[in-house]
>>> print(open('query-v3.cif').read())   # mmCIF, C-alpha atoms and all ligand atoms
data_protein
loop_
_atom_site.label_atom_id
_atom_site.label_comp_id
_atom_site.auth_asym_id
_atom_site.auth_seq_id
_atom_site.Cartn_x
_atom_site.Cartn_y
_atom_site.Cartn_z
CA MET A 1 -39.13 120.79 -14.32
CA GLN A 2 -41.81 119.70 -11.93
CA LYS A 3 -41.88 117.12 -9.23
CA GLN A 4 -45.06 115.53 -8.06
CA LYS A 5 -45.69 113.45 -5.00
CA LEU A 6 -48.58 111.05 -5.15
CA SER A 7 -50.41 110.01 -2.04
CA PHE A 8 -53.57 108.15 -1.26
CA GLU A 9 -55.66 107.30 1.75
CA LEU A 10 -55.99 103.92 3.42
CA THR A 11 -58.31 103.15 6.30
CA ILE A 12 -56.94 100.62 8.75
CA PHE A 13 -59.35 98.82 11.04
CA ASP A 14 -57.66 97.14 13.99
CA GLU A 15 -60.16 94.33 14.00
CA LEU A 16 -63.07 92.97 12.00
CA ALA A 17 -65.60 94.13 14.60
CA GLU A 18 -64.83 97.77 13.70
CA LEU A 19 -66.33 97.30 10.24
CA SER A 20 -70.01 97.70 9.38
CA LYS A 21 -72.09 94.53 9.57
CA LYS A 22 -72.43 94.60 5.76
CA ASP A 23 -68.66 94.73 5.26
CA GLN A 24 -68.16 91.98 7.83
CA ALA A 25 -70.65 89.83 5.93
CA LEU A 26 -68.80 90.46 2.65
CA ILE A 27 -65.50 89.46 4.25
CA SER A 28 -67.16 86.28 5.58
CA LYS A 29 -68.09 85.40 2.01
CA ALA A 30 -64.49 85.95 0.90
CA VAL A 31 -63.34 83.67 3.75
CA ALA A 32 -65.82 80.99 2.68
CA ALA A 33 -64.53 81.28 -0.90
CA ARG A 34 -60.94 81.03 0.33
CA LEU A 35 -61.68 77.66 1.87
CA HIS A 36 -62.33 76.36 -1.66
CA ALA A 37 -59.13 77.71 -3.16
CA TYR A 38 -57.25 75.24 -5.29
CA ALA A 39 -53.69 76.04 -4.30
CA PRO A 40 -51.72 72.78 -4.08
CA TYR A 41 -48.51 74.39 -5.39
CA SER A 42 -48.18 77.58 -3.36
CA ASN A 43 -50.35 76.50 -0.40
CA PHE A 44 -51.37 80.16 -0.33
CA GLN A 45 -55.14 80.40 -0.42
CA VAL A 46 -56.97 83.52 -1.44
CA GLY A 47 -60.69 84.26 -1.45
CA ALA A 48 -62.50 87.21 -2.97
CA ALA A 49 -66.09 88.42 -2.74
CA VAL A 50 -67.34 91.06 -5.16
CA LEU A 51 -70.31 93.20 -4.12
CA MET A 52 -72.20 94.52 -7.14
CA GLU A 53 -74.39 97.62 -7.40
CA ASN A 54 -77.44 95.32 -7.70
CA GLY A 55 -76.66 93.75 -4.33
CA LYS A 56 -75.40 90.45 -5.75
CA VAL A 57 -72.18 88.98 -4.38
CA VAL A 58 -69.89 86.98 -6.66
CA ILE A 59 -67.08 84.96 -5.16
CA GLY A 60 -63.79 83.57 -6.43
CA SER A 61 -60.73 81.76 -5.15
CA ASN A 62 -57.30 81.21 -6.62
CA GLN A 63 -57.10 78.31 -9.04
CA GLU A 64 -53.62 76.96 -9.60
CA ASN A 65 -52.32 74.72 -12.35
CA ALA A 66 -49.44 72.29 -12.82
CA SER A 67 -48.42 74.65 -15.59
CA TYR A 68 -48.02 77.53 -13.14
CA PRO A 69 -48.86 80.53 -15.37
CA SER A 70 -52.15 78.89 -16.35
CA GLY A 71 -53.53 79.43 -12.85
CA LEU A 72 -55.51 82.50 -11.88
CA CYS A 73 -55.74 84.71 -8.78
CA ALA A 74 -58.90 84.84 -6.67
CA GLU A 75 -59.62 88.48 -7.53
CA ARG A 76 -59.64 87.86 -11.26
CA VAL A 77 -61.70 84.67 -10.95
CA ALA A 78 -64.30 86.70 -9.01
CA VAL A 79 -64.24 89.92 -11.00
CA PHE A 80 -64.34 88.19 -14.41
CA GLN A 81 -67.22 86.01 -13.24
CA ALA A 82 -69.04 89.10 -11.92
CA ALA A 83 -68.61 90.87 -15.26
CA ALA A 84 -69.78 87.76 -17.13
CA LEU A 85 -72.86 87.28 -14.94
CA TYR A 86 -73.87 90.92 -14.61
CA PRO A 87 -72.60 92.87 -17.61
CA GLY A 88 -73.07 96.59 -17.18
CA VAL A 89 -73.57 96.35 -13.41
CA SER A 90 -70.96 98.30 -11.42
CA ILE A 91 -68.71 96.75 -8.83
CA LYS A 92 -68.89 98.46 -5.45
CA THR A 93 -66.50 96.56 -3.23
CA VAL A 94 -64.10 93.64 -3.48
CA ALA A 95 -63.22 91.88 -0.22
CA ILE A 96 -60.01 89.81 -0.36
CA THR A 97 -58.59 87.47 2.26
CA ALA A 98 -55.46 85.33 2.21
CA ALA A 99 -54.23 82.37 4.25
CA SER A 100 -51.22 80.09 4.09
CA ILE A 101 -50.69 76.49 5.08
CA HIS A 102 -47.15 77.42 6.17
CA HIS A 103 -47.73 80.40 8.45
CA MET A 104 -50.45 82.55 9.98
CA VAL A 105 -51.27 85.44 7.65
CA ASP A 106 -51.94 88.15 10.21
CA SER A 107 -51.86 91.17 7.93
CA PRO A 108 -53.63 91.84 4.65
CA ALA A 109 -52.12 90.60 1.39
CA ALA A 110 -52.18 93.20 -1.36
CA PRO A 111 -53.58 92.28 -4.77
CA CYS A 112 -50.89 91.46 -7.34
CA GLY A 113 -50.15 93.79 -10.23
CA ASN A 114 -52.10 91.74 -12.75
CA CYS A 115 -55.20 91.83 -10.54
CA ARG A 116 -54.84 95.59 -10.03
CA GLN A 117 -54.66 96.03 -13.79
CA SER A 118 -57.72 93.81 -14.34
CA MET A 119 -59.75 95.61 -11.69
CA LEU A 120 -58.65 99.01 -13.06
CA GLU A 121 -60.25 98.07 -16.37
CA TYR A 122 -63.67 97.73 -14.70
CA GLU A 123 -63.18 100.80 -12.53
CA THR A 124 -62.37 102.88 -15.61
CA LYS A 125 -65.31 101.39 -17.51
CA GLN A 126 -67.84 102.03 -14.75
CA LYS A 127 -66.46 105.51 -13.95
CA LYS A 128 -66.98 104.80 -10.26
CA PRO A 129 -64.32 103.76 -7.77
CA ILE A 130 -64.07 100.15 -6.63
CA ARG A 131 -63.43 99.90 -2.91
CA LEU A 132 -61.20 97.13 -1.57
CA LEU A 133 -61.27 95.44 1.82
CA LEU A 134 -58.08 93.48 2.43
CA MET A 135 -57.47 90.98 5.18
CA GLY A 136 -55.24 88.07 6.09
CA GLU A 137 -56.60 85.23 8.18
CA THR A 138 -56.64 87.43 11.23
CA GLY A 139 -55.47 90.90 12.24
CA ASN A 140 -56.30 94.25 10.78
CA VAL A 141 -58.40 95.07 7.76
CA VAL A 142 -57.25 97.65 5.25
CA GLN A 143 -59.67 99.59 3.11
CA CYS A 144 -58.55 101.17 -0.18
CA ASN A 145 -60.91 103.65 -1.77
CA SER A 146 -60.11 102.90 -5.39
CA ILE A 147 -58.03 100.71 -7.66
CA ALA A 148 -56.42 103.74 -9.29
CA ASP A 149 -55.01 104.64 -5.86
CA ILE A 150 -53.05 101.40 -5.69
CA LEU A 151 -52.07 101.43 -9.37
CA PRO A 152 -50.71 104.91 -9.92
CA LEU A 153 -49.79 105.77 -13.54
CA GLY A 154 -51.96 102.86 -14.59
CA PHE A 155 -52.46 101.94 -18.21
CA ASP A 156 -55.99 102.19 -19.53
CA SER A 157 -57.86 102.46 -22.82
CA SER A 158 -57.21 106.22 -23.05
CA PHE A 159 -53.68 105.38 -24.23
CA LEU A 160 -54.85 103.29 -27.16
N1 LIG A 201 -52.80 85.12 -5.49
C1 LIG A 201 -54.08 85.58 -5.53
O1 LIG A 201 -55.04 84.81 -5.63
N2 LIG A 201 -54.26 86.92 -5.50
C2 LIG A 201 -53.25 87.83 -5.43
O2 LIG A 201 -53.50 89.03 -5.59
C3 LIG A 201 -51.90 87.38 -5.14
C4 LIG A 201 -51.63 85.95 -5.38
C5 LIG A 201 -52.59 83.67 -5.59
C6 LIG A 201 -51.94 83.26 -6.87
C7 LIG A 201 -51.31 81.95 -6.47
O3 LIG A 201 -52.27 80.92 -6.60
C8 LIG A 201 -50.97 82.13 -5.00
O4 LIG A 201 -51.75 83.23 -4.56
C9 LIG A 201 -49.50 82.41 -4.73
O5 LIG A 201 -49.04 83.45 -5.49
#
>>> encode(input="query-v3.cif", output="structure tokens", more="lines below")
Ligand code: THU
Amino acid sequence: MQKQKLSFELTIFDELAELSKKDQALISKAVAARLHAYAPYSNFQVGAAVLMENGKVVIGSNQENASYPSGLCAERVAVFQAAALYPGVSIKTVAITAASIHHMVDSPAAPCGNCRQSMLEYETKQKKPIRLLLMGETGNVVQCNSIADILPLGFDSSFL
């Protein structure tokens, strides 16, 4: 028998100003996207900005639906659009920010399981890690170095 412990590294920035100017600019684009979220049911607004290897930035926000499961998270709106616009171009970083009408989101919201799975698909395909920058409305910023880190034992095409 063997036991294995899995661990991964997060970088926690106490405030936005600690990030590089480029990363701050990417987060600003995610914030701008968040302001256009369509979230009348949850009142939880999420914005995402995807930085591609070719320097392009593709944004997304959550899009809800009266038939709840028909809605889509901000990350998947952005990442699917990025893949549709720039097929074959790798994703470098995805900045994600969340806000709520009900309370101040002062710590980063983690991507849901479906979004992790969707982003893992592209990370596996491009054979290069996708970095995440996570933020609430205010407070610290958390950097994850890859999607595989936050989806351990993930399912990918190697199982098929
Ligand atoms: N949401 C996202 O956009 N991204 C996530 O990773 C978590 C949840 C959205 C989905 C829904 O519109 C609202 O937040 C509440 O779950």
>>> residues_near_ligand(input="query-v3.cif", ligand="ligand LIG 201 (chain A)", cutoff="8 Å", atoms="only C-alpha atoms and all ligand atoms", output="MDAnalysis selection string")
chainID A and resid 38:39 41:47 61:64 71:76 98 109:115
>>> residues_around(input="query-v3.cif", residues="stretch 142-157 of chain A", least_positions_apart="3", cutoff="8 Å", atoms="only C-alpha atoms", output="JSON, numbers by chain")
{"A": [8, 9, 10, 11, 12, 13, 108, 113, 116, 117, 119, 120, 121, 123, 124, 129, 130, 131, 132, 133, 134, 135, 160]}
>>> atom_distance(input="query-v3.cif", atom1="atom CA of A:Ala99", atom2="atom CA of A:Gly136")
6.1 Å
>>> residues_around(input="query-v3.cif", residues="stretch 85-87 of chain A", least_positions_apart="4", cutoff="12 Å", atoms="only C-alpha atoms", output="number ranges by chain")
A: 50-59, 78-81, 91, 122, 125-126
>>> closest_residue(input="query-v3.cif", among="A:Lys3, A:Pro40, A:Lys22, A:Ala30", to="A:Asn65", atoms="all atoms listed in the file")
A:Pro40
>>> closest_residue(input="query-v3.cif", among="A:Ser158, A:Asn140, A:Ser28, A:Gln4", to="A:Ser107", atoms="only C-alpha atoms")
A:Asn140
>>> axis_aligned_box(input="query-v3.cif", around="stretch 69-84 of chain A", padding_each_side="3 Å", output="JSON")
{"center_x": -59.3, "center_y": 84.9, "center_z": -11.9, "size_x": 26.9, "size_y": 18.0, "size_z": 16.5}
>>> atom_distance(input="query-v3.cif", atom1="atom CA of A:Ala48", atom2="atom CA of A:Phe159")
29.3 Å
>>> closest_residue(input="query-v3.cif", among="A:Asp23, A:Val94, A:Ala83, A:Glu137", to="A:Asp106", atoms="only C-alpha atoms")
A:Glu137
>>> atom_distance(input="query-v3.cif", atom1="atom CA of A:Arg34", atom2="atom CA of A:His102")
15.4 Å
>>> closest_residue(input="query-v3.cif", among="A:Lys5, A:Lys21, A:Lys128, A:Lys29", to="A:Ile96", atoms="only C-alpha atoms")
A:Lys29
